[in-house]
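Novice: Quick one: structure below, then a few questions.
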Amino acid sequence: MNYEKSRNFADFLDQQDGLSEYREQFNYPKDSSGKELIYFCGNSLGLQPKTVSSYLEKELSVWAEKGVIGQETRWIAFHERLEKSTAKLVGALPSEVVVMNALTVNIHFLLVSFYQPNEKRYKIMIEKDAFPSDHYAIQSQIRFHGYDPEQALVELVPRKDEKILRNDDILSSIQDHGDQLSLIYLGGVNYYTGQAFDMGEISKAGKAQGAIVGFNLAHSVGNLPLRLHDWDIDFSAWCTYKYLCAGPGSPSGVFIHERHHDWDGPRFLGWWGHNKDSRFQMPSVFDPILTSEGWQVSNAPVMGMAPLLASMEIYDKVGMNAIRSKGKELSSYMEYLIKEYIAEVDIITPKARGCQLSIVVPGGKDVFDYLSRQGVVCDWRNPDVIRVAPHPLFNTFTEVFEFVKILKKAIA
Ligand SMILES: Cc1ncc(COP(=O)(O)O)c(C=O)c1O
């Protein structure tokens with residue numbers, strides 16, 4: 001689209017916005033005087049859908065009125081209600097997804113199965129600036145198997161004086177480490193730079209070298225359309241409290257490709273992964289569910305899942321194409337306005353991205369603090385980035401315009 005610099009044009013974009021009605025479906029935060037904030041932190045914690053309280057109240061009242069009968073009649077299969085919508089969201093078969101645990105917990109469970117190093121093939125490829133929890137999980141798994149991260153970790157770094165990774169460099173690094181590569185584990189979208197990786201191509205290149213390919217999709221799910229099954233990804237996990245708006249600490253989603261479902265390799269077990277027909281006969285010998293559910297360990301955290309049901313209802317209705325299309329416009333429009341109005345800002349996020357822009361500004365943290373005082377909610381990530389992520393379901397183009405005005409003032 002050809003954008004224009006005027007405030008009227010922002011109004012025009014809002015009038016054209018097919019998703020504008022959805023803002024009303026979220027509780028939008030205000031400052032102490034009652035003025036709405038500019039909430040650009042959907043990449044960290046999405047806002048609360050207004051339907052969440054009724055979803056929670058329903059489960060609270062079943063618990064109050066029925067006690068354990070609620071477990072027998074309703075909660076045993078509670079997580080299954082998320083299966084269809086989650087599969088649609090990430091481009092998977094329903095049997096390939098399950099919602100359980102928290103993100104880093106799931107990463108560990110998945111690595112127990114999918115990182116099986118041997119003397120020849122023991123390396124894990126990761127972004128050097130991956131989220132710290134990913135580094136900790138990966139490094140501890142490497143040590144757990146008796147290897148040294150110094151030797152086993154292949155960290156992808158941008159070229160000198162560049163801030164983002166080149167796709168060709170990722171592919172050639174995969175080739176260079178070839179048959180020593182046990183696992184490729186990247187973010188679908190890097191949390192710091194906002195760069196989206198070509199998951200299909202990376203998966204193909206990894207497979208060609210005989211590596212397992214897994215993705216952390218914390219910053220991709222609900223942000224970009226995904227085709228995990230077709231891209232032949234082996235496994236992935238994501239949190240649901242960011243773009244998916246399911247609330248602080250809400251449970252994580254997991255994808256395991258169907259070709260692994262008849263799994264006889266290592267796996268940490270729990271009763272919720274056991275065959276549903278015989279689970280309550282209380283056998284001591286494990287008989288796995290032959291889907292991603294076989295990796296479940298514990299029964300579902302119903303009170304954490306109820307808000308996710310509420311938000312997935314919205315995602316399911318709107319669909320990822322419409323969400324992506326607005327997310328792309330929001331970030332492109334913001335990029336356009338920043339370039340038009342504030343030459344000093346360095347936008348490090350490339351065009352391959354979701355709706356987050358990571359910017360480096362003169363004044364750094366002082367500018368961020370000024371933005372916060374002016375009612376802009378975004379975040380600061382050391383050493384020098386402000387992450388700004390408008391959300392397609394509850395932000396407007398006018399807010400983007402206002403944000404750029406405030407940013408200009410902050411830098412001045
Ligand atoms: C990329 C990435 N990995 C891991 C985590 C850790 O998530 P959790 O605390 O749910 O384990 C986050 C949280 O923001 C994240 O963004």
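So you can find residues: chains in the structure tokens are A, B, ... in the order shown, residues in each start at 1, and ligands are numbered from 1 in order.
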To test your reading of the structure, identify every residue in segment 167-294 of chain A that backbone DSSP assigns to strand (DSSP E), and report it as a list in words.
Specialist: Leu181, Ser182, Leu183, Ile184, Tyr185, Leu186, Gly187, Ile212, Val213, Gly214, Phe215, Asn216, Phe235, Ser236, Ala237, Trp238, Ser252, Gly253, Val254, Phe255 and Ile256 of chain A
Novice: Mind running chain A against ligand 1 at 7 Å and telling me each contacting residue's nearest atom pair with the distance in Å (one decimal), counting only C-alpha atoms and all ligand atoms, chain and number ascending, as a tab-separated table?
Specialist:
```
residue	atom	partner	partner_atom_place_in_ligand_line	distance
A:Ser44	CA	ligand 1	14 (O)	6.4
A:Ala102	CA	ligand 1	10 (O)	5.0
A:Leu103	CA	ligand 1	11 (O)	3.9
A:Thr104	CA	ligand 1	11 (O)	3.6
A:Val105	CA	ligand 1	11 (O)	6.2
A:Ala130	CA	ligand 1	1 (C)	6.8
A:Phe131	CA	ligand 1	1 (C)	4.9
A:Ser133	CA	ligand 1	4 (C)	5.2
A:Asp134	CA	ligand 1	3 (N)	5.5
A:Gly187	CA	ligand 1	1 (C)	6.3
A:Tyr191	CA	ligand 1	1 (C)	5.6
A:Asn216	CA	ligand 1	1 (C)	6.2
A:Ala218	CA	ligand 1	1 (C)	5.1
A:His219	CA	ligand 1	16 (O)	6.4
A:Cys239	CA	ligand 1	10 (O)	5.7
A:Gly249	CA	ligand 1	10 (O)	6.3
```
Novice: At a cut-off of 7 Å, using only C-alpha atoms, what residues contact Pro288 of chain A? Leave out same-chain residues fewer than 6 positions from it and give the result as a VMD selection string.
Specialist: chain A and resid 273 to 275 294
Novice: Which residues come within 10 Å of Arg267 of chain A, counting only C-alpha atoms, excluding same-chain residues fewer than 4 positions away, as a compact mmCIF listing (two decimals) with N, CA and C atoms, in the first residue's frame?
Specialist:
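So the final result, stored in out_22.txt, reads:
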```txt
# COMPACT_ATOMS: atom_id res chain seq x y z
N PHE A 109 11.09 -31.48 27.87
CA PHE A 109 10.47 -32.78 27.55
C PHE A 109 10.73 -33.18 26.10
N LEU A 110 10.66 -32.20 25.21
CA LEU A 110 10.86 -32.51 23.79
C LEU A 110 12.32 -32.88 23.51
N LEU A 111 13.23 -32.18 24.20
CA LEU A 111 14.65 -32.49 23.98
C LEU A 111 15.01 -33.87 24.52
N VAL A 112 14.34 -34.28 25.57
CA VAL A 112 14.58 -35.64 26.09
C VAL A 112 14.35 -36.66 24.97
N SER A 113 13.32 -36.40 24.17
CA SER A 113 13.06 -37.33 23.06
C SER A 113 13.91 -37.02 21.83
N PHE A 114 14.03 -35.75 21.50
CA PHE A 114 14.55 -35.41 20.15
C PHE A 114 16.01 -34.98 20.11
N TRP A 263 6.27 -43.80 18.82
CA TRP A 263 7.61 -43.51 19.36
C TRP A 263 8.10 -44.62 20.29
N GLY A 294 0.69 -38.43 23.75
CA GLY A 294 1.54 -39.42 24.43
C GLY A 294 2.67 -38.76 25.21
N TRP A 295 2.97 -37.48 24.89
CA TRP A 295 4.04 -36.77 25.62
C TRP A 295 3.48 -36.04 26.85
```
Novice: May I have the residues within 8 Å of segment 300-314 of chain A as a PyMOL selection string, using only C-alpha atoms and disregarding those fewer than 6 positions away in the same chain?
Specialist: chain A and resi 49+51-53+55-56+59+75-76+78-79+81-82+85-86+100-101+240+244-247+249-251
Novice: DSSP on the backbone: which residues in segment 202-248 of chain A end up as alpha helix (DSSP H)? Give the answer as number ranges by chain.
Specialist: A: 202-208
Novice: Just the selected residues (C-alpha atoms), exported as a CSV table (one decimal), in the first residue's frame, please.
Specialist:
```csv
chain,number,residue,atom,x,y,z
A,202,ILE,CA,15.7,-24.5,7.1
A,203,SER,CA,13.7,-27.7,7.8
A,204,LYS,CA,14.6,-29.0,4.3
A,205,ALA,CA,18.3,-28.2,4.7
A,206,GLY,CA,18.4,-29.8,8.1
A,207,LYS,CA,16.7,-32.9,6.9
A,208,ALA,CA,19.1,-33.2,4.0
```
Novice: Skip Asn8 of chain A itself and residues of its chain fewer than 5 positions away, then list as a list in words all residues within 10 Å of it, counting only C-alpha atoms.
Specialist: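 Counting only the stated atoms, we get Leu13, Asp14, Thr398 and Phe401 of chain A.
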Novice: For atom CA of Val154 of chain A and atom CA of Val98 of chain A, determine how far apart the two atoms are, in Å to one decimal place.
Specialist: 29.3 Å
Novice: Looking at A:Ile323, A:Leu153, A:Ala237, A:Ile411, which one is nearest to Val99 of chain A, with distances taken over only C-alpha atoms?
Specialist: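 Result for the nearest residue to Val99 of chain A: A:Ala237.
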Novice: Would you mind reading off the distance between atom CA of Glu80 of chain A and atom CA of Ala322 of chain A, one decimal, in Å?
Specialist: 25.5 Å
Novice: Can you work out which one of A:Trp231, A:Phe268, A:Tyr39, A:Phe280 has the shortest atom-to-atom distance to Glu72 of chain A, counting only C-alpha atoms?
Specialist: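 Distance minimum relative to Glu72 of chain A lands on A:Phe280.
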